[in-house]
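Asks: Got a structure here, written out as structure tokens. Questions coming.
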Amino acid sequence: NWHHKLHRTMLTPLLFLLAFNNAFAQQDSCQPKYSDQASCDADSKCTWCKAGAVPSSCFEKENAKKLPPGVFVCDSVEIAQKKDGPPSWMKKAATARWVVHNTTYGTLATTSVHLNGTAFGNVQSFVDGDMTFTTGIPYFYVSEMDVSQQDIAANPMVSFTISEASIGYCAKKGWDPEDPRCAKVVLSGKVVEVTDSDEQAKFKSALFSRHPPMKSWPSDHNWKVKKLQIQDIWMLDFFGGASIIDPADYYNVTMF
């Protein structure tokens with residue numbers, strides 16, 4: 001039934017993330033030396049990297065820079081992973097683009113066909129480019145086995161919520177994820193499959209670059225590259241209420 005499909009779809013990426021973490025650690029000199037944060041960070045060549053899905057570990061700083069920033073938050077490379085930090089809270093479109101580019105997962109809300117039209121939220125990995133370019137458009141690597149994709153087949157209109165909390169910036173500032181200063185962006189629109197071969201290859205490469213375990217996901221799941229055609233943008237990043245951002249202003253932001 002659909003519950004078993006959901007469990008299998010969510011469990012498989014976790015298993016591959018664990019395998020990726022273990023394989024990566026075998027090539028790292030800091031990992032076997034230190035098992036706690038204090039001793040790890042005391043070595044100038046090492047940094048402690050925290051993760052929710054896999055055990056936190058000590059890595060060489062150069063290796064830590066290669067870890068997926070949406071999965072790992074590392075003590076001394078966090079700012080480098082996030083470049084120079086977010087723009088001023090007064091620059092709404094630029095802040096939204098910064099949040100979208102520097103995060104790598106969010107919550108995809110669909111209208112559930114299994115729950116008779118109830119809203120259904122599911123964690124979804126994405127990119128808007130690799131770390132050398134950005135589009136502002138969320139691209140996904142998905143299988144039709146996933147219940148969210150079954151919802152999208154019936155109704156492709158979704159909302160996708162992305163939070164600055166996922167990259168550790170808010171924790172660094174001492175902010176709760178619900179704090180208005182901890183930026184959260186909700187992109188609403190239509191999910192469509194990418195059919196252009198050049199676009200598909202470009203963003204499959206970008207997805208694999210920022211989510212390395214995706215390369216090893218089971219081939220029999222018939223993975224597809226899809227994207228969100230954004231129609232509305234809602235963002236809360238400071239006190240005084242949310243902002244509605246014109247998509248044209250959002251796309252006109254120069255990131256690099």
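Just remember, in the structure tokens the first chain shown is A, the second B, etc., residues are 1-based per chain, and ligands are 1-based in the order shown.
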Would you kindly return, as a PyMOL selection string, each protein, DNA or RNA residue with an atom no farther than 7 Å from any atom of A:Thr107, considering only C-alpha atoms and excluding same-chain residues fewer than 2 positions away?
Replies: chain A and resi 109+121-124+160-162
Asks: Can you write out the residues you just picked, keeping C-alpha atoms, as an mmCIF file, in the first residue's frame?
Replies:
data_model
loop_
_atom_site.group_PDB
_atom_site.id
_atom_site.type_symbol
_atom_site.label_atom_id
_atom_site.label_comp_id
_atom_site.auth_asym_id
_atom_site.auth_seq_id
_atom_site.Cartn_x
_atom_site.Cartn_y
_atom_site.Cartn_z
ATOM 1 C CA ALA A 109 3.189 20.636 0.277
ATOM 2 C CA GLY A 121 4.019 17.951 3.514
ATOM 3 C CA ASN A 122 7.102 15.965 2.553
ATOM 4 C CA VAL A 123 10.825 16.764 2.812
ATOM 5 C CA GLN A 124 12.249 17.324 -0.664
ATOM 6 C CA PHE A 160 7.540 24.662 -1.295
ATOM 7 C CA THR A 161 8.842 25.985 2.044
ATOM 8 C CA ILE A 162 12.561 26.667 2.526
#
Asks: Do a neighbour search on A:Arg97 at 10 Å with only C-alpha atoms, toss out local chain neighbours closer than 6 positions, and write the hits as JSON, numbers by chain.
Replies: {"A": [86, 87, 128, 134, 135, 136, 137, 185, 250, 251, 252, 253, 254, 255]}
Asks: Go ahead and save the residues from that selection, with C-alpha atoms, as an mmCIF file, in the first residue's frame.
Replies:
data_model
loop_
_atom_site.group_PDB
_atom_site.id
_atom_site.type_symbol
_atom_site.label_atom_id
_atom_site.label_comp_id
_atom_site.auth_asym_id
_atom_site.auth_seq_id
_atom_site.Cartn_x
_atom_site.Cartn_y
_atom_site.Cartn_z
ATOM 1 C CA PRO A 86 22.422 36.816 3.633
ATOM 2 C CA PRO A 87 21.785 40.316 2.267
ATOM 3 C CA ASP A 128 18.622 25.972 -8.087
ATOM 4 C CA THR A 134 22.060 30.025 -9.734
ATOM 5 C CA THR A 135 18.635 30.316 -11.357
ATOM 6 C CA GLY A 136 16.272 30.785 -8.410
ATOM 7 C CA ILE A 137 14.224 27.870 -9.759
ATOM 8 C CA VAL A 185 10.502 31.453 1.932
ATOM 9 C CA TYR A 250 13.209 37.772 -7.671
ATOM 10 C CA TYR A 251 14.592 36.600 -11.022
ATOM 11 C CA ASN A 252 16.310 39.932 -11.693
ATOM 12 C CA VAL A 253 18.589 39.608 -8.652
ATOM 13 C CA THR A 254 22.299 39.288 -9.532
ATOM 14 C CA MET A 255 23.823 36.639 -7.285
#
Asks: Using only C-alpha atoms, pick whichever of A:Arg210, A:Lys226, A:His221, A:His101 has the shortest atom-to-atom distance to A:Glu144.
Replies: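 Using only C-alpha atoms, A:Glu144 sits closest to A:His221.
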Asks: Of the residues A:Val147, A:Ala51, A:Ile245, A:Cys58, which is the one nearest to A:Pro32, using only C-alpha atoms?
Replies: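 Once distances to A:Pro32 are computed over only C-alpha atoms, the minimum belongs to A:Cys58.
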Asks: Given only C-alpha atoms as the basis, pick out the residue of A:Glu193, A:Glu164, A:Asp75, A:Asp146 nearest to A:Leu228.
Replies: A:Glu193
Asks: So how far away is atom CA of A:Ser243 from atom CA of A:Asn102, in Å?
Replies: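 These atoms are spaced 19.8 Å apart.
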Asks: With only C-alpha atoms as the counted atoms, please give the residues lying no more than 6 Å from A:Ala119, apart from itself and same-chain residues fewer than 3 positions off, as JSON, numbers by chain.
Replies: {"A": [110, 111, 112]}
Asks: Generate a file of the selected residues that holds all heavy atoms, formatted as a PDB file, in the first residue's frame.
Replies:
ATOM      1  N   THR A 110       1.641  19.271  -0.956  1.00  0.00           N
ATOM      2  CA  THR A 110       0.762  18.896  -2.062  1.00  0.00           C
ATOM      3  C   THR A 110      -0.655  18.651  -1.541  1.00  0.00           C
ATOM      4  O   THR A 110      -0.882  18.582  -0.335  1.00  0.00           O
ATOM      5  CB  THR A 110       1.278  17.602  -2.728  1.00  0.00           C
ATOM      6  OG1 THR A 110       1.353  16.561  -1.724  1.00  0.00           O
ATOM      7  CG2 THR A 110       2.654  17.808  -3.343  1.00  0.00           C
ATOM      8  N   THR A 111      -1.587  18.502  -2.472  1.00  0.00           N
ATOM      9  CA  THR A 111      -2.950  18.110  -2.126  1.00  0.00           C
ATOM     10  C   THR A 111      -3.028  16.597  -2.248  1.00  0.00           C
ATOM     11  O   THR A 111      -2.932  16.042  -3.346  1.00  0.00           O
ATOM     12  CB  THR A 111      -3.967  18.773  -3.068  1.00  0.00           C
ATOM     13  OG1 THR A 111      -3.819  20.189  -3.004  1.00  0.00           O
ATOM     14  CG2 THR A 111      -5.392  18.394  -2.673  1.00  0.00           C
ATOM     15  N   SER A 112      -3.164  15.902  -1.125  1.00  0.00           N
ATOM     16  CA  SER A 112      -3.004  14.453  -1.086  1.00  0.00           C
ATOM     17  C   SER A 112      -4.175  13.705  -1.715  1.00  0.00           C
ATOM     18  O   SER A 112      -5.339  13.918  -1.350  1.00  0.00           O
ATOM     19  CB  SER A 112      -2.824  13.986   0.360  1.00  0.00           C
ATOM     20  OG  SER A 112      -2.776  12.576   0.424  1.00  0.00           O
TER      21      SER A 112
END
Asks: Just asking: which residues within stretch 187-238 of chain A are alpha helix (DSSP H) according to DSSP, as number ranges by chain?
Replies: A: 197-210
Asks: As a PyMOL selection string, which residues of stretch 48-238 of chain A does DSSP assign to strand (DSSP E)?
Replies: chain A and resi 48-51+57-60+72-74+105-111+119-125+139-142+157-163+184-193+224-236
Asks: Using only C-alpha atoms, which of A:Gln149, A:Thr103, A:Thr47, A:Asn222 sits nearest A:Gly129?
Replies: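 Of A:Gln149, A:Thr103, A:Thr47, A:Asn222, the one nearest A:Gly129, counting only C-alpha atoms, is A:Thr103.
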Asks: Between atom CA of A:Asp232 and atom CA of A:Val191, what is the distance, to one decimal in Å?
Replies: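 These two atoms are separated by 13.1 Å.
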